[in-house]
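For reference, the structure discussed in these notes is given below.
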Amino acid sequence: YGLFKIDEQTCELRKMYLYSEYRGQGLGKHILVDAFQEAKNHGFKTMILETNKVLLEAKGLYEKYGFTEFTPVHLSDRCDMAMKKEL
């Protein structure tokens with residue numbers, strides 16, 4: 001994964017991805033928890049991300065860990081939804 005600074009309070013979670021043979025083993029949870037801690041270590045209060053609704057497992061993981069859908073000012077062409085979480 002990568003964290004991209006949006007502003008002093010907000011970062012974006014980018015490029016969180018696991019190869020298919022590693023999915024379903026709880027690794028996504030560990031990566032996400034690590035990303036939360038890293039964001040907090042850098043002083044961020046909010047994390048946002050963009051994804052696609054067809055990625056059901058990813059969307060479910062994000063929702064399980066407190067992300068909610070919101071309408072951003074801009075959305076990447078490859079994505080059809082944005083989510084955010086207060087850290």
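Note on naming: chains are A, B, ... as they come in the structure tokens, residues start from 1 per chain, ligands start from 1 in the order shown.
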
Can you tell me, as a ChimeraX atom specification, what residues are no more than 12 Å from segment 35-43 of chain A when counting only C-alpha atoms, ignoring any on the same chain fewer than 3 positions away? /A:1-16,28-32,46-49,62,65-67,84-87

Output file for the selection above: N, CA, C and O atoms, as a tab-separated table (two decimals), in the first residue's frame:
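Wrote it out as selection-v7.tsv, contents follow:
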chain	number	residue	atom	x	y	z
A	1	TYR	N	0.83	-1.18	0.00
A	1	TYR	CA	0.00	0.00	0.00
A	1	TYR	C	0.87	1.24	0.00
A	1	TYR	O	2.07	1.20	0.28
A	2	GLY	N	0.25	2.33	-0.30
A	2	GLY	CA	0.92	3.62	-0.19
A	2	GLY	C	-0.03	4.62	0.44
A	2	GLY	O	-1.25	4.47	0.36
A	3	LEU	N	0.53	5.59	1.13
A	3	LEU	CA	-0.24	6.68	1.71
A	3	LEU	C	0.15	7.96	1.00
A	3	LEU	O	1.33	8.27	0.91
A	4	PHE	N	-0.83	8.70	0.51
A	4	PHE	CA	-0.61	9.94	-0.20
A	4	PHE	C	-1.20	11.08	0.61
A	4	PHE	O	-2.38	11.05	0.99
A	5	LYS	N	-0.40	12.08	0.89
A	5	LYS	CA	-0.86	13.23	1.68
A	5	LYS	C	-1.79	14.10	0.83
A	5	LYS	O	-1.41	14.59	-0.23
A	6	ILE	N	-3.01	14.28	1.33
A	6	ILE	CA	-3.98	15.18	0.69
A	6	ILE	C	-3.84	16.57	1.29
A	6	ILE	O	-3.77	17.56	0.59
A	7	ASP	N	-3.82	16.63	2.62
A	7	ASP	CA	-3.56	17.87	3.36
A	7	ASP	C	-2.99	17.48	4.72
A	7	ASP	O	-2.68	16.31	4.94
A	8	GLU	N	-2.85	18.43	5.62
A	8	GLU	CA	-2.22	18.15	6.91
A	8	GLU	C	-2.98	17.12	7.74
A	8	GLU	O	-2.39	16.44	8.57
A	9	GLN	N	-4.27	17.00	7.52
A	9	GLN	CA	-5.12	16.12	8.32
A	9	GLN	C	-5.52	14.83	7.60
A	9	GLN	O	-5.94	13.88	8.25
A	10	THR	N	-5.39	14.80	6.28
A	10	THR	CA	-5.97	13.73	5.47
A	10	THR	C	-4.94	13.06	4.58
A	10	THR	O	-4.14	13.73	3.92
A	11	CYS	N	-4.99	11.72	4.55
A	11	CYS	CA	-4.17	10.96	3.60
A	11	CYS	C	-5.09	10.04	2.80
A	11	CYS	O	-6.20	9.74	3.21
A	12	GLU	N	-4.58	9.62	1.66
A	12	GLU	CA	-5.31	8.68	0.82
A	12	GLU	C	-4.58	7.36	0.82
A	12	GLU	O	-3.36	7.30	0.61
A	13	LEU	N	-5.31	6.27	1.04
A	13	LEU	CA	-4.77	4.92	0.92
A	13	LEU	C	-4.78	4.58	-0.56
A	13	LEU	O	-5.82	4.62	-1.21
A	14	ARG	N	-3.60	4.24	-1.08
A	14	ARG	CA	-3.48	3.93	-2.50
A	14	ARG	C	-2.79	2.58	-2.69
A	14	ARG	O	-1.96	2.17	-1.89
A	15	LYS	N	-3.14	1.93	-3.76
A	15	LYS	CA	-2.45	0.73	-4.24
A	15	LYS	C	-2.41	-0.42	-3.23
A	15	LYS	O	-1.46	-1.16	-3.17
A	16	MET	N	-3.46	-0.57	-2.44
A	16	MET	CA	-3.52	-1.72	-1.55
A	16	MET	C	-3.99	-2.90	-2.38
A	16	MET	O	-5.09	-2.90	-2.94
A	28	GLY	N	-5.11	-8.91	4.30
A	28	GLY	CA	-5.66	-7.58	4.04
A	28	GLY	C	-5.91	-6.83	5.34
A	28	GLY	O	-5.64	-5.63	5.43
A	29	LYS	N	-6.41	-7.53	6.34
A	29	LYS	CA	-6.64	-6.93	7.66
A	29	LYS	C	-5.33	-6.40	8.23
A	29	LYS	O	-5.26	-5.27	8.70
A	30	HIS	N	-4.28	-7.20	8.16
A	30	HIS	CA	-2.98	-6.78	8.71
A	30	HIS	C	-2.41	-5.58	7.97
A	30	HIS	O	-1.86	-4.66	8.59
A	31	ILE	N	-2.56	-5.58	6.67
A	31	ILE	CA	-2.07	-4.45	5.87
A	31	ILE	C	-2.85	-3.18	6.22
A	31	ILE	O	-2.26	-2.12	6.41
A	32	LEU	N	-4.17	-3.32	6.33
A	32	LEU	CA	-5.01	-2.16	6.63
A	32	LEU	C	-4.70	-1.60	8.02
A	32	LEU	O	-4.56	-0.39	8.19
A	46	THR	N	-7.69	11.62	9.17
A	46	THR	CA	-8.68	11.03	8.27
A	46	THR	C	-7.95	10.30	7.15
A	46	THR	O	-6.95	10.77	6.63
A	47	MET	N	-8.50	9.13	6.77
A	47	MET	CA	-7.98	8.38	5.63
A	47	MET	C	-9.11	8.24	4.62
A	47	MET	O	-10.24	7.93	4.99
A	48	ILE	N	-8.80	8.50	3.37
A	48	ILE	CA	-9.76	8.31	2.29
A	48	ILE	C	-9.20	7.28	1.32
A	48	ILE	O	-8.00	6.96	1.35
A	49	LEU	N	-10.06	6.77	0.47
A	49	LEU	CA	-9.62	5.87	-0.60
A	49	LEU	C	-10.64	5.91	-1.72
A	49	LEU	O	-11.77	6.35	-1.53
A	62	TYR	N	-13.10	-2.78	3.72
A	62	TYR	CA	-13.07	-1.37	4.09
A	62	TYR	C	-14.25	-1.02	5.02
A	62	TYR	O	-14.08	-0.34	6.02
A	65	TYR	N	-13.82	-2.26	8.57
A	65	TYR	CA	-12.86	-1.47	9.35
A	65	TYR	C	-13.23	0.01	9.44
A	65	TYR	O	-12.39	0.85	9.72
A	66	GLY	N	-14.51	0.31	9.22
A	66	GLY	CA	-15.02	1.64	9.54
A	66	GLY	C	-15.08	2.67	8.43
A	66	GLY	O	-15.43	3.82	8.68
A	67	PHE	N	-14.74	2.29	7.21
A	67	PHE	CA	-14.86	3.24	6.10
A	67	PHE	C	-16.33	3.39	5.71
A	67	PHE	O	-17.09	2.42	5.72
A	84	LYS	N	-14.19	7.00	3.32
A	84	LYS	CA	-13.33	7.69	4.28
A	84	LYS	C	-13.52	7.08	5.66
A	84	LYS	O	-14.53	6.45	5.94
A	85	LYS	N	-12.50	7.31	6.50
A	85	LYS	CA	-12.52	6.83	7.88
A	85	LYS	C	-11.77	7.83	8.75
A	85	LYS	O	-10.70	8.30	8.38
A	86	GLU	N	-12.36	8.13	9.90
A	86	GLU	CA	-11.67	8.94	10.89
A	86	GLU	C	-10.75	8.01	11.66
A	86	GLU	O	-11.17	6.94	12.08
A	87	LEU	N	-9.50	8.42	11.81
A	87	LEU	CA	-8.51	7.55	12.46
A	87	LEU	C	-8.50	7.71	13.97
A	87	LEU	O	-8.83	8.67	14.53

When DSSP works through the backbone of this structure, what residues of chain A end up as strand (DSSP E), shown as a list in words? Gly2, Leu3, Phe4, Lys5, Thr10, Cys11, Glu12, Leu13, Arg14, Thr46, Met47, Ile48, Leu49, Glu50, Thr51, Thr68, Glu69, Phe70, Met81, Ala82, Met83, Lys84, Lys85 and Glu86 of chain A

Have a look at A:Glu63, A:Leu56, A:Glu50, A:Thr68 and name the one nearest to Met81 of chain A; count only C-alpha atoms. A:Glu50

Record the distance separating atom CA of Tyr17 of chain A and atom CA of Leu61 of chain A, expressed in Å with one decimal. 12.2 Å

Give me, please, the distance in Å between atom CA of Lys45 of chain A and atom CA of Gly24 of chain A, quoted to one decimal.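 One can read the atom CA of Lys45 of chain A to atom CA of Gly24 of chain A distance as 28.7 Å.
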